[in-house]
Each structure stands twice: as C-alpha cells, then as structure tokens.
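In what follows, a single structure is set out as structure tokens and then discussed.
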Amino acid sequence: MLTVATGNKAVAAAVKEARPAVIAAYPITPQTEIVEQIAEYVSSGAMAAQYIPVESEHSAMAACIGASITGVRTFTATSSHGLLYMHEMVNWAAGARLPIVMANVNRALGPGWNIWAEHTDAFQERDTGWLQVYVSTVQEAYDTTLMAFRIAEHEDVLLPVMVNLDGFLLSHSMQPLLEVEAGDFIPPMHLPHAIDPASPAGYGTLTGPEDYFRLRWDMERSMRDSVPVIRDAHDAFARQFGRSYGFLDEYRCEDADVVVVAMGTLGMEAQVAVDQLRNEGIKAGCMRIRWFRPFPHLDLKGRDVVAIDRDYSFGFGGVIARSLQATERAEPYSVIAGLGGQEVTYDDIVGFVRERKPGEECWFGVDAHV
Amino acid sequence: MYEVRIHSRGGQGGVTAARMLALAAIRDGKYATACPFYGAERRGAPVVSYVRIDDRPVRVSSQIRNPDLVIVLDRSVMDTVDVLHGIKPGGRVLLNGTMNGDLQGHRTYAVDLTGIALRLNLVVAGSPILNTPVLGALAKMGIISVASAKMAISEMFTDERNVKAAEAAYQELML
C-alpha cells in the first residue's frame, strides 16, 4: 500500500527487503534514522541479520569488510565526517572487491560546523572504485537501494555501491512510498573469492607492482562492465515493478537549446524551472545525473549547458562542470549553489538559465542572482 | 499545487501534523510531500514544517515561500515570528485558540485544539496533542476528506481518542 516515508526510512525498508546478513553502523546526523530503523527491524525480528553497533565509522566499514569477505551480504550507512572517517576502509572495500552497499546522506563538511546538504562528502570518495548513484525522491531512494545490491554483487562487477541522498532535503522529507517484494530481483550472493571461516585462508600480503597494476586494471574493467549490468538492473526493475530509471533522468531534452545539469533534489527541482522556462518560450531541458560513477554520457552537443554544482574542488572548479568539460567538451555556465544547504529554488534555477554566461563560473548569492 | 506552512514549537508535533496531512491527501488520491525545516530547532523553539498537495507528483524540495494556508499550532510563536510572511493573496489561516475577525485581511479560522486535547486527556509528557485534532479542522476546511483524515490518524496512532479529537475539532470549527 502507498504510504508516506522519509528518505531515511525508505532506505531502511529497502535494506530490510534485500536481507543482508550483517549491518555494522555508527550514527551520524542526518543519517541516524536509517541505522536506528534497521536496528529496530533486527531487534523486533523483522530482519534476520546481525547488527554490529561499532565505535566508529572506520570500524563500521572494517566490520562490513570482514563480514563481506566471508561471502555474505552487508550494509552500512553514513554521512559527511563519518564517511571521511572511514575513508581508508572505503578504499579497501573496493580494492578487496567486496560488494558492500552503503547509503551516504550527503552533508557538508566542517568547519564551519554544518549538518545540511552538500555533495562534497561523497565526491571525496569518487576515485576509490565505488560505484556512486544519487537519488532525488523517496521512492527512488528505495528502488535504487534495492538495485544497488543486485548491481554490486553481479559477477561482472563485484565492486561496492554508494547510494547518495541529500541531507534533510530528502533524508527527512516525507513523500509517497510504495514498497515491493524483491523476490528474485536480488539473486543470492555468490562471492568467488570468499574466505571460508571454517577453514580460513587469506591473501593480500605484499603485492608487487605487476600484480598490483593488474588488480587496478581489473577494477576499472569491472567499472566499465558495470554499465550493462546497471542497464539490465534498470530494465529488470521496470519489468518487475513498473518504474523506470536510467543513468540520467532526462526531462524535456529532445529539442532543448539549453540543458540544466544537476544531481539529487536540485535535479528534480530543475524540472519545475524547465517547465517555467518553456512557458516563457525558452527551449530548456534538464539532465539529472543519477550514476556519477561510472560517469555517464550526456548528449550536450550544440546546446548551452548550465551545470549546477552542490560541491566544489578548491583551486579547480565545480566537479560536475569540470567533468562535463572533460568528457563532453562542453563549455558550461558553472553555477556553484546550495553549499551547506543553501536554499536554491526553481525560481533561482530559472535565473541561472536566463542569465547564463557559457564558460564562466558563478557563486550563487555571491557573484550574481542575489 | 496547494502549499501549507505549519508553525509550532519543537515537541508540539508539527512535523507529525505535516506527515499526517500529506498521508491524508495521498489517501484522497492526490500527491503530497511534507518536510520539516531543520535549523537550530530544539524543544520549545519556534519551528516550521511544510506540506505540498498536488494532482501530479511534487518535484520541489525547497522551502515554501508563498503558502496558500498557514497553520499556527501555538499562538505564542506569533510574538516573535511573522506567520503571515509571504502568504498568497487570498491565502487562509488556521489558528489554535479563539479568534475574532481575520488577520490582515486573510480569512482566519480558529478552533481550540488545546482545549479539545485536554478535555479528552490526550496529553503526552505533559503536552496536549494538537496534531490529531488539527486534521479534523483541515477536513472541515475542505483540504482533506473526513474519511482520509481518520484513516491517516488511525494509521499512525492506535489510541481512539485521536480520532475523537479530530471529530471534535470538525464539530467546533466555524466556517
């Protein structure tokens, strides 16, 4: 039955449906509701899993790694400073080829101390070998969390997946949610390099340059191989449950002269801006990036591009704007907006498009559109 | 799209009121979202939550700037907060308490939610429950149906006094 849930509760409900064997987690705002809800599922018997309340995020990921290497399904959730505190283990999980699923509720990094939405936390993990996906609604958070297990555990992938949702804007927003029975959508996990705890034997001692290099190439090959696996997961999900997703969520782009590129809730808010611009006679469209790793192809040729970054790479630029320059040779109007939860409305996005200056960078509220 | 802003104090159940209003609208077959504004809120501090109701999926996550309806669960917040800020021309107001006349030309409805809760002994941790009776008032104003209001309350609370409180508010609100 259709109900109302927060983004956090939706993620927890999807995890329950995916039936991981081990959850190891440490609370942090605005993610805490996810691990609290899962703890409640486990203590009430609604979930048959082992819940390990650890003393830090570093330990949370370490415990997930230890569990996952025995071949069982694992999950954790974190945010912001918690994600950064587990950074070393985040890298390890990918290198050890463990299909761990983690929800990251995007939040700014201190100082100044700030608990609101920003994507810079997850971007600091973008080169670790994790797949990264960003969602924009409660239903999408639920659906994508289910898909994440299927994709991570696929034999052609065997890389961890990070599901990102905007702090408060989505983690605490209450929206319609329809839960599903996952059934065979997520097949039983099979880890070819699992360690048998009854007869434990490990690997991973000192690895020489030649083997190390091959292991890295194998990670990238799997990242590339994840593209058809993700597509297949989208297709299977649409067939089984009737909701369609892509690498991008494209909105009114067919004949668009100007395209807004954004992620998360801003990418959904931008659709309303596009409708408003269309009413004014401006042929606008929106591409919301869902899968950030592997980075998708965006058809931007011959169009103006307005890239909205809720992030920044100091001394370099907005990460999405720079990515589009690198991959699509686009000359975006780069808008830096929404850092630390700065309020950005569809009216503001209309302003970005109207006043776009291709190739330039604008800090919303500082440079222009004040 | 119909946009509602709820003013209350931390701990008075404003967020749950927003959630139940959204749920009732969904039971009416509409689309709805509810979101609290998270700032430096704490128990007793003035807080705001938002509800959007529409005939199509709601795609907006930003705060509501121009509400169609302002609900004030605690009149004392009006000493420090301009609850009418940005209200649409023709926008309405629902107040907890008694009221004579309209607020700055905005049609204003009043019902004593606190009195209803106290009468039914609907009190948790010393605070009267305001968020279930307010659904009755919203049904009377035609924003949600009576059936959906009761459904939303029953889905969230097992204590039948919550539905009774909503019925009382429905009776007592004068249109």
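Residues in the structure tokens are numbered from 1 in each chain, the chains being A, B, ... in the order shown, and ligands are numbered from 1 in the order shown.
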
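For chain A, the residues having at least one atom no farther than 6 Å from chain B, when counting only C-alpha atoms, are A:Val4, A:Ser173, A:Met174, A:Gln175, A:Met268, A:Glu269, A:Thr345.
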
Would you mind exporting the chosen residues as a short mmCIF file (atom, residue, chain, number, x, y, z; two decimals), in the first residue's frame, restricted to C-alpha atoms?
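Final file, selection_16.cif:
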```
data_model
loop_
_atom_site.label_atom_id
_atom_site.label_comp_id
_atom_site.auth_asym_id
_atom_site.auth_seq_id
_atom_site.Cartn_x
_atom_site.Cartn_y
_atom_site.Cartn_z
CA VAL A 4 4.37 8.21 3.44
CA SER A 173 11.39 14.79 3.51
CA MET A 174 8.17 12.75 3.72
CA GLN A 175 6.94 11.53 0.35
CA MET A 268 14.30 17.33 -9.65
CA GLU A 269 13.65 20.95 -8.67
CA THR A 345 14.56 27.19 -5.59
#
```

Quick one: residues within 10 Å of Ala117 (chain A), only C-alpha atoms, excluding same-chain residues fewer than 5 positions away - as a PDB file with N, CA and C atoms, in the first residue's frame?
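Written out: selection_12.pdb:
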```
ATOM      1  N   PRO A  30      22.698  13.584   9.112  1.00  0.00           N
ATOM      2  CA  PRO A  30      21.260  13.277   9.152  1.00  0.00           C
ATOM      3  C   PRO A  30      20.924  11.845   8.732  1.00  0.00           C
ATOM      4  N   SER A  80      28.896  12.563   5.586  1.00  0.00           N
ATOM      5  CA  SER A  80      29.827  13.644   5.889  1.00  0.00           C
ATOM      6  C   SER A  80      31.092  13.203   6.620  1.00  0.00           C
ATOM      7  N   VAL A 105      24.196   9.870   3.301  1.00  0.00           N
ATOM      8  CA  VAL A 105      23.298  11.025   3.287  1.00  0.00           C
ATOM      9  C   VAL A 105      24.176  12.270   3.157  1.00  0.00           C
ATOM     10  N   ASN A 106      24.114  12.897   1.981  1.00  0.00           N
ATOM     11  CA  ASN A 106      25.052  13.965   1.651  1.00  0.00           C
ATOM     12  C   ASN A 106      24.914  15.151   2.585  1.00  0.00           C
ATOM     13  N   ARG A 107      26.049  15.530   3.167  1.00  0.00           N
ATOM     14  CA  ARG A 107      26.080  16.619   4.131  1.00  0.00           C
ATOM     15  C   ARG A 107      27.419  17.334   4.016  1.00  0.00           C
ATOM     16  N   ALA A 108      27.401  18.636   4.292  1.00  0.00           N
ATOM     17  CA  ALA A 108      28.599  19.457   4.183  1.00  0.00           C
ATOM     18  C   ALA A 108      29.646  19.032   5.209  1.00  0.00           C
ATOM     19  N   LEU A 109      30.868  19.501   4.986  1.00  0.00           N
ATOM     20  CA  LEU A 109      31.992  19.196   5.870  1.00  0.00           C
ATOM     21  C   LEU A 109      32.387  20.439   6.650  1.00  0.00           C
ATOM     22  N   LEU A 165      21.875  10.327  -0.938  1.00  0.00           N
ATOM     23  CA  LEU A 165      20.638  11.122  -0.876  1.00  0.00           C
ATOM     24  C   LEU A 165      20.911  12.413  -0.097  1.00  0.00           C
ATOM     25  N   ASP A 166      20.299  13.499  -0.537  1.00  0.00           N
ATOM     26  CA  ASP A 166      20.561  14.808   0.054  1.00  0.00           C
ATOM     27  C   ASP A 166      20.096  14.875   1.504  1.00  0.00           C
ATOM     28  N   GLY A 167      20.985  15.377   2.372  1.00  0.00           N
ATOM     29  CA  GLY A 167      20.644  15.541   3.784  1.00  0.00           C
ATOM     30  C   GLY A 167      19.432  16.436   3.963  1.00  0.00           C
ATOM     31  N   PHE A 168      18.532  16.034   4.811  1.00  0.00           N
ATOM     32  CA  PHE A 168      17.295  16.729   5.150  1.00  0.00           C
ATOM     33  C   PHE A 168      16.359  16.906   3.953  1.00  0.00           C
ATOM     34  N   LEU A 169      16.859  17.493   2.848  1.00  0.00           N
ATOM     35  CA  LEU A 169      16.002  17.734   1.683  1.00  0.00           C
ATOM     36  C   LEU A 169      15.336  16.448   1.225  1.00  0.00           C
ATOM     37  N   LEU A 170      16.069  15.324   1.378  1.00  0.00           N
ATOM     38  CA  LEU A 170      15.492  14.032   1.024  1.00  0.00           C
ATOM     39  C   LEU A 170      15.477  13.082   2.228  1.00  0.00           C
ATOM     40  N   SER A 171      16.534  13.110   3.031  1.00  0.00           N
ATOM     41  CA  SER A 171      16.606  12.165   4.154  1.00  0.00           C
ATOM     42  C   SER A 171      15.431  12.359   5.116  1.00  0.00           C
ATOM     43  N   GLY A 264      20.771  14.977  -7.558  1.00  0.00           N
ATOM     44  CA  GLY A 264      19.991  14.936  -6.325  1.00  0.00           C
ATOM     45  C   GLY A 264      18.709  15.750  -6.431  1.00  0.00           C
ATOM     46  N   THR A 265      18.273  16.305  -5.301  1.00  0.00           N
ATOM     47  CA  THR A 265      16.986  17.011  -5.273  1.00  0.00           C
ATOM     48  C   THR A 265      17.007  18.241  -6.184  1.00  0.00           C
ATOM     49  N   ARG A 310      26.572  21.364  -6.323  1.00  0.00           N
ATOM     50  CA  ARG A 310      26.403  21.489  -4.866  1.00  0.00           C
ATOM     51  C   ARG A 310      27.677  20.922  -4.230  1.00  0.00           C
ATOM     52  N   ASP A 311      28.825  21.424  -4.685  1.00  0.00           N
ATOM     53  CA  ASP A 311      30.135  20.887  -4.309  1.00  0.00           C
ATOM     54  C   ASP A 311      31.162  21.868  -4.839  1.00  0.00           C
ATOM     55  N   GLY A 338      23.987  25.983  -3.328  1.00  0.00           N
ATOM     56  CA  GLY A 338      23.455  25.005  -2.386  1.00  0.00           C
ATOM     57  C   GLY A 338      24.466  24.457  -1.400  1.00  0.00           C
ATOM     58  N   LEU A 339      25.674  25.026  -1.365  1.00  0.00           N
ATOM     59  CA  LEU A 339      26.667  24.514  -0.412  1.00  0.00           C
ATOM     60  C   LEU A 339      26.147  24.692   1.023  1.00  0.00           C
ATOM     61  N   GLY A 340      26.401  23.704   1.854  1.00  0.00           N
ATOM     62  CA  GLY A 340      25.979  23.789   3.257  1.00  0.00           C
ATOM     63  C   GLY A 340      24.475  23.966   3.406  1.00  0.00           C
ATOM     64  N   GLY A 341      23.723  23.461   2.415  1.00  0.00           N
ATOM     65  CA  GLY A 341      22.266  23.537   2.494  1.00  0.00           C
ATOM     66  C   GLY A 341      21.683  24.862   2.048  1.00  0.00           C
ATOM     67  N   GLN A 342      22.501  25.715   1.403  1.00  0.00           N
ATOM     68  CA  GLN A 342      21.970  26.993   0.896  1.00  0.00           C
ATOM     69  C   GLN A 342      20.682  26.731   0.112  1.00  0.00           C
ATOM     70  N   GLU A 343      19.673  27.532   0.388  1.00  0.00           N
ATOM     71  CA  GLU A 343      18.374  27.363  -0.267  1.00  0.00           C
ATOM     72  C   GLU A 343      18.480  27.731  -1.751  1.00  0.00           C
TER      73      GLU A 343
END
```

Nearest candidate to Met102 (chain A) (options A:Thr128, A:Ser136, A:Asn164, A:Ser313; using only C-alpha atoms): A:Asn164

I want to know what sits within 12 Å of Thr80 (chain B), based on only C-alpha atoms, with residues of the same chain fewer than 5 positions away left out; could you give that as a PyMOL selection string? chain B and resi 7-9+45-47+74-75

From region 98-138 of chain B, collect each residue whose DSSP state is strand (DSSP E or B) and return the set as a ChimeraX atom specification. /B:103,106,108-111,123-124,127-128

Using only C-alpha atoms, which residues sit within 9 Å of region 296-302 of chain A once same-chain residues fewer than 6 positions away are excluded, as number ranges by chain? A: 227, 247-248, 257-259, 287, 289-290, 324, 327-330

Those same residues, written as an mmCIF file, in the first residue's frame with N, CA and C atoms?
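The resulting again-v4.cif:
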```
data_model
loop_
_atom_site.group_PDB
_atom_site.id
_atom_site.type_symbol
_atom_site.label_atom_id
_atom_site.label_comp_id
_atom_site.auth_asym_id
_atom_site.auth_seq_id
_atom_site.Cartn_x
_atom_site.Cartn_y
_atom_site.Cartn_z
ATOM 1 N N VAL A 227 28.386 -1.004 -16.586
ATOM 2 C CA VAL A 227 27.404 -0.242 -17.386
ATOM 3 C C VAL A 227 26.258 -1.139 -17.862
ATOM 4 N N PHE A 247 20.702 5.999 -16.469
ATOM 5 C CA PHE A 247 21.933 6.583 -15.934
ATOM 6 C C PHE A 247 21.706 8.068 -15.655
ATOM 7 N N LEU A 248 20.883 8.668 -16.542
ATOM 8 C CA LEU A 248 20.464 10.054 -16.392
ATOM 9 C C LEU A 248 18.962 10.067 -16.299
ATOM 10 N N ASP A 257 17.492 23.755 -26.348
ATOM 11 C CA ASP A 257 18.646 24.581 -26.724
ATOM 12 C C ASP A 257 19.583 24.763 -25.535
ATOM 13 N N VAL A 258 19.008 24.703 -24.327
ATOM 14 C CA VAL A 258 19.807 24.865 -23.122
ATOM 15 C C VAL A 258 19.417 23.763 -22.135
ATOM 16 N N VAL A 259 20.442 23.135 -21.571
ATOM 17 C CA VAL A 259 20.207 21.998 -20.678
ATOM 18 C C VAL A 259 20.810 22.299 -19.300
ATOM 19 N N MET A 287 18.999 17.504 -17.374
ATOM 20 C CA MET A 287 19.584 16.176 -17.233
ATOM 21 C C MET A 287 20.043 16.023 -15.788
ATOM 22 N N ILE A 289 21.927 13.828 -13.298
ATOM 23 C CA ILE A 289 22.869 12.711 -13.283
ATOM 24 C C ILE A 289 22.502 11.796 -12.122
ATOM 25 N N ARG A 290 22.205 10.534 -12.417
ATOM 26 C CA ARG A 290 21.930 9.544 -11.363
ATOM 27 C C ARG A 290 23.222 8.794 -11.033
ATOM 28 N N LEU A 324 31.998 17.709 -17.174
ATOM 29 C CA LEU A 324 31.349 17.859 -18.480
ATOM 30 C C LEU A 324 32.325 18.444 -19.494
ATOM 31 N N THR A 327 34.585 15.329 -20.346
ATOM 32 C CA THR A 327 34.022 14.166 -21.028
ATOM 33 C C THR A 327 33.229 14.531 -22.267
ATOM 34 N N GLU A 328 32.613 15.713 -22.278
ATOM 35 C CA GLU A 328 31.737 16.091 -23.399
ATOM 36 C C GLU A 328 32.229 17.332 -24.127
ATOM 37 N N ARG A 329 33.379 17.860 -23.733
ATOM 38 C CA ARG A 329 33.915 19.094 -24.315
ATOM 39 C C ARG A 329 32.897 20.235 -24.265
ATOM 40 N N ALA A 330 32.088 20.230 -23.222
ATOM 41 C CA ALA A 330 31.079 21.283 -23.066
ATOM 42 C C ALA A 330 31.739 22.524 -22.482
#
```

Nearest to Thr74 (chain A), chosen from A:Ala21, A:Ala62, A:Ile28, A:Tyr51, with only C-alpha atoms counted in the distances: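 Using only C-alpha atoms, Thr74 (chain A) sits closest to A:Ala21.
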
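DSSP secondary structure from the backbone places Leu113, Thr114, Gly115, Ile116, Ala117, Leu118 and Arg119 of chain B of region 44-119 of chain B in alpha helix (DSSP H).
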